[in-house]
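Let me begin by presenting the structure, written as structure tokens, before commenting on it.
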Amino acid sequence: MCYASHKETLVPNINTTAFRKKFVIPDFVSFASEIDALYENAKNLGGGQVADYIPQLARFSPDLWAVSICTVDGQRHTAGDTKVPFCLQSCVKPLKYAIAVHDHGTEYVHRFIGKEPSGLRFNKLFLNEEDKPHNPMVNAGAIVCTRIGTKLEFNLVETGLRPQNVPALSAPRFQSERESGDRNFAIGYYLKEKKCFPEGTDMTSILDLYFQLCSIEVTCESASVMAATLANGGFCPITGERVLGPEAVRNTLSLMHSCGMYDFSGQFAFHVGLPAKSGVAGGILLVVPNVMGIMCWSPPLDKLGNSVRGIQFCTDLVSLCNFHNYDNLKHFVKKLDPRREGGDQRVKSVINLLFAAYTGDVSALRRFALSSMDMEQRDYDSRTALHVAAAEGHVEVVKFLLEACRVNPVPKDRWGNTPMEEAVHFGHHDVVTMLQDYNNKYSPPGGATEDKEKEISEKNIDGLL
Ligand code: GLU
């Protein structure tokens, strides 16, 4: 069968730019072209092995490579082989855990399953000190979760995870999974021996369901919607329906963050800093909470079982954008913030600045300066914080702006007024004196022009603390 490889961007059908700017990624078209560049970069990567423990996986071409994105407000972009069906395999684990918690609550689910990374292979026949599976992202935990989360099929359809015209379950893959599932049977019997299941569980039929869930087929496009549902606190961004509760989503993201990437989970949390789950078919379900869901898929796997191209893409994404959980959104200016809409942010920032100057709030101004805010920015009348502070007679603010922030002392507003003229007009003599002293100290011979003053207003926040 031949599937077209392509790039495609879809934004919800809203025609006014003003509305589009309110989207979580205001300039989605530019963002999509950045994604394409990352996609192309990873495409050239060689190496890795396609999983071959069942023939249905072994037959995938190592060249297949796809990335799909769906934002929390339904903007979508796809690149590559995004319409080729593949099995979720372990990427289904967070989904069934989320459904188990949604249906039964955290306390009940964790009576049976732990919350700790195991430090062991995902399919190890091993339990924690309380004789429970370590977490729901390893096979033992996922098998127990299969017993608890019952309505999976229903939810998959609701969230759009099951693509149209593609059978949700691949019967031959399920058969092969079961036939080659000795380790999972061993885990099942061990779980049964240790009484890890709720009472009355028919372990072998649970294992059958486990194999079926691993064999659910998705495409990169459809799985990105599920990732986006997790990014969106449990509301599907396409149908608008609440599929999962906020507690289920938060738990799931936490466990994906600590345990989702096999024995690379710690390193992934360190370098990428986002919740993700990987599967043996080459999928990586990646969530940027409150922003977007991403599905990457490429069959060749590295030694730890993660998609080689998928890992490269996730790493590159976080090098480019400030999506790492611990990226500082204010100070790490070298990274792109696709969430930021230039104009909107600027308006907020100038309002905060001028309002702090108006109320004489030096601590707020110090905080702004430390967050690299431009302390000379102007409002629609070209007025600066220094104009406002001078007009209000806030000596401490004027002092701070001049001496610590080294702002231009003679900016002109739209009527040609300087802060000095404001202070004179409103009779704030102490401010007048301070501005005079400052001007005398820094005026070059021949008088202060705005340009010359600008030269001495180099940003210097050394003295802020
Ligand atoms: N069917 C596989 C198993 O249960 C899933 C493996 C995986 O994707 O990690 O062993």
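Please note that chains go A, B, ... in the order of the structure tokens, that every chain numbers its residues from 1, and that ligands are numbered from 1 in the order shown.
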
Residues up to 10 Å from ligand 1, counting only C-alpha atoms and all ligand atoms: could you list those as a PyMOL selection string? chain A and resi 51+53-54+87-93+121-124+137-140+142-143+173-174+176-178+180-185+207+210-215+260-262+277-283+305-306

Please identify which residues in stretch 250-417 of chain A DSSP calls alpha helix (DSSP H) from the backbone, and express them as a ChimeraX atom specification. /A:250-259,265-271,308-320,342-359,362-370,385-392,395-399

Give the strand (DSSP E) residues of stretch 58-139 of chain A, as DSSP finds them on the backbone, and put them as a PyMOL selection string. chain A and resi 66-71+76-80+86-87

Mind writing the picked residues with N, CA and C atoms as a short mmCIF file (atom, residue, chain, number, x, y, z; two decimals), in the first residue's frame?
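The result, stored in part.cif:
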data_model
loop_
_atom_site.label_atom_id
_atom_site.label_comp_id
_atom_site.auth_asym_id
_atom_site.auth_seq_id
_atom_site.Cartn_x
_atom_site.Cartn_y
_atom_site.Cartn_z
N ALA A 66 7.00 10.53 10.63
CA ALA A 66 5.83 11.42 10.64
C ALA A 66 5.76 12.20 11.95
N VAL A 67 5.30 13.43 11.84
CA VAL A 67 5.06 14.26 13.03
C VAL A 67 3.71 14.95 12.85
N SER A 68 2.85 14.87 13.86
CA SER A 68 1.58 15.61 13.83
C SER A 68 1.43 16.40 15.10
N ILE A 69 0.87 17.59 14.93
CA ILE A 69 0.67 18.49 16.07
C ILE A 69 -0.78 18.91 16.12
N CYS A 70 -1.32 18.97 17.31
CA CYS A 70 -2.66 19.53 17.48
C CYS A 70 -2.63 20.42 18.72
N THR A 71 -2.96 21.67 18.56
CA THR A 71 -2.90 22.58 19.72
C THR A 71 -4.18 22.45 20.54
N ARG A 76 -3.78 22.54 13.66
CA ARG A 76 -3.10 21.27 13.40
C ARG A 76 -2.08 21.39 12.28
N HIS A 77 -1.01 20.63 12.45
CA HIS A 77 -0.02 20.59 11.39
C HIS A 77 0.55 19.18 11.33
N THR A 78 0.79 18.72 10.12
CA THR A 78 1.34 17.38 9.97
C THR A 78 2.49 17.41 8.98
N ALA A 79 3.45 16.54 9.18
CA ALA A 79 4.57 16.43 8.25
C ALA A 79 4.93 14.97 8.09
N GLY A 80 5.05 14.53 6.84
CA GLY A 80 5.52 13.17 6.58
C GLY A 80 4.42 12.15 6.45
N PHE A 86 -0.39 2.65 12.42
CA PHE A 86 0.58 1.84 13.19
C PHE A 86 -0.03 1.57 14.56
N CYS A 87 0.58 0.62 15.30
CA CYS A 87 -0.01 0.23 16.59
C CYS A 87 0.48 1.14 17.71
#

Need to verify the contact set: stretch 101-107 of chain A, 6 Å, only C-alpha atoms, exclusion of same-chain residues closer than 4 positions in sequence. Can you return it as a list in words?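 Final neighbour list, sorted by chain and number: Leu244, Gly245 and Ala248 of chain A.
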
Store the residues of this selection in a file with C-alpha atoms, as a PDB file, in the first residue's frame.
ATOM      1  CA  LEU A 244     -10.943  12.932  31.161  1.00  0.00           C
ATOM      2  CA  GLY A 245     -11.064  14.741  34.487  1.00  0.00           C
ATOM      3  CA  ALA A 248      -6.654  11.942  35.779  1.00  0.00           C
TER       4      ALA A 248
END

Spatial neighbours of A:Asp374, 10 Å, only C-alpha atoms, chain gap at least 2 places, as a short mmCIF file (atom, residue, chain, number, x, y, z; two decimals) with N, CA, C and O atoms, in the first residue's frame:
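Below you can see selection-v1.cif, which holds the result:
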data_model
loop_
_atom_site.label_atom_id
_atom_site.label_comp_id
_atom_site.auth_asym_id
_atom_site.auth_seq_id
_atom_site.Cartn_x
_atom_site.Cartn_y
_atom_site.Cartn_z
N ARG A 346 3.25 43.28 24.61
CA ARG A 346 3.84 44.60 24.76
C ARG A 346 2.86 45.53 25.47
O ARG A 346 3.21 46.30 26.35
N SER A 349 2.77 44.71 29.09
CA SER A 349 4.00 45.09 29.76
C SER A 349 4.05 46.60 29.98
O SER A 349 4.41 47.07 31.06
N VAL A 350 3.64 47.40 29.00
CA VAL A 350 3.70 48.86 29.18
C VAL A 350 2.67 49.31 30.22
O VAL A 350 2.94 50.21 31.03
N LEU A 353 4.13 48.55 33.64
CA LEU A 353 5.24 49.45 33.94
C LEU A 353 4.74 50.84 34.34
O LEU A 353 5.12 51.39 35.39
N PHE A 368 10.41 44.13 37.47
CA PHE A 368 10.31 44.22 36.00
C PHE A 368 11.70 44.34 35.38
O PHE A 368 12.02 43.70 34.40
N ALA A 369 12.53 45.20 36.01
CA ALA A 369 13.86 45.43 35.45
C ALA A 369 14.67 44.13 35.48
O ALA A 369 15.38 43.81 34.53
N SER A 371 13.49 41.26 35.17
CA SER A 371 12.98 40.32 34.15
C SER A 371 13.27 40.85 32.75
O SER A 371 12.55 40.52 31.82
N SER A 372 14.27 41.66 32.63
CA SER A 372 14.70 42.22 31.34
C SER A 372 13.61 43.04 30.65
O SER A 372 13.57 43.09 29.42
N GLU A 376 12.24 51.72 29.26
CA GLU A 376 12.01 52.98 28.54
C GLU A 376 10.82 52.89 27.60
O GLU A 376 10.57 53.79 26.81
N GLN A 377 10.08 51.77 27.65
CA GLN A 377 8.99 51.64 26.67
C GLN A 377 7.93 52.70 26.89
O GLN A 377 7.76 53.23 27.99
N ARG A 378 7.20 53.01 25.81
CA ARG A 378 6.28 54.15 25.81
C ARG A 378 4.85 53.70 25.55
O ARG A 378 4.64 52.72 24.84
N CYS A 405 18.30 51.99 36.47
CA CYS A 405 17.96 51.52 35.13
C CYS A 405 18.62 52.36 34.04
O CYS A 405 18.63 51.94 32.88
N VAL A 407 17.66 55.01 32.52
CA VAL A 407 16.77 55.33 31.40
C VAL A 407 17.14 56.70 30.85
O VAL A 407 17.78 57.51 31.54
N LYS A 459 21.56 49.92 29.18
CA LYS A 459 20.92 49.17 30.26
C LYS A 459 21.96 48.61 31.22
O LYS A 459 22.95 48.05 30.80
#

Each stretch 227-334 of chain A residue no farther than 8 Å from stretch 217-223 of chain A, nearest pair in Å, only C-alpha atoms, as a tab-separated table:
residue	atom	partner	partner_atom	distance
A:Ala227	CA	A:Ala223	CA	6.4
A:Leu285	CA	A:Ala223	CA	7.6
A:Ile294	CA	A:Ala223	CA	7.9
A:Met295	CA	A:Cys220	CA	5.5
A:Cys296	CA	A:Cys220	CA	6.6
A:Trp297	CA	A:Cys220	CA	6.6

Produce a file of the selected residues containing C-alpha atoms, as a compact mmCIF listing (two decimals), in the first residue's frame.
# COMPACT_ATOMS: atom_id res chain seq x y z
CA ALA A 227 -2.02 13.98 23.11
CA LEU A 285 3.25 10.67 22.37
CA ILE A 294 2.39 15.91 19.42
CA MET A 295 2.72 12.44 17.97
CA CYS A 296 6.02 11.42 16.39
CA TRP A 297 6.36 8.13 14.63

Counting only C-alpha atoms, closest pick from A:Cys259, A:Leu336, A:Ala389, A:Ile351 relative to A:Pro94 is A:Cys259
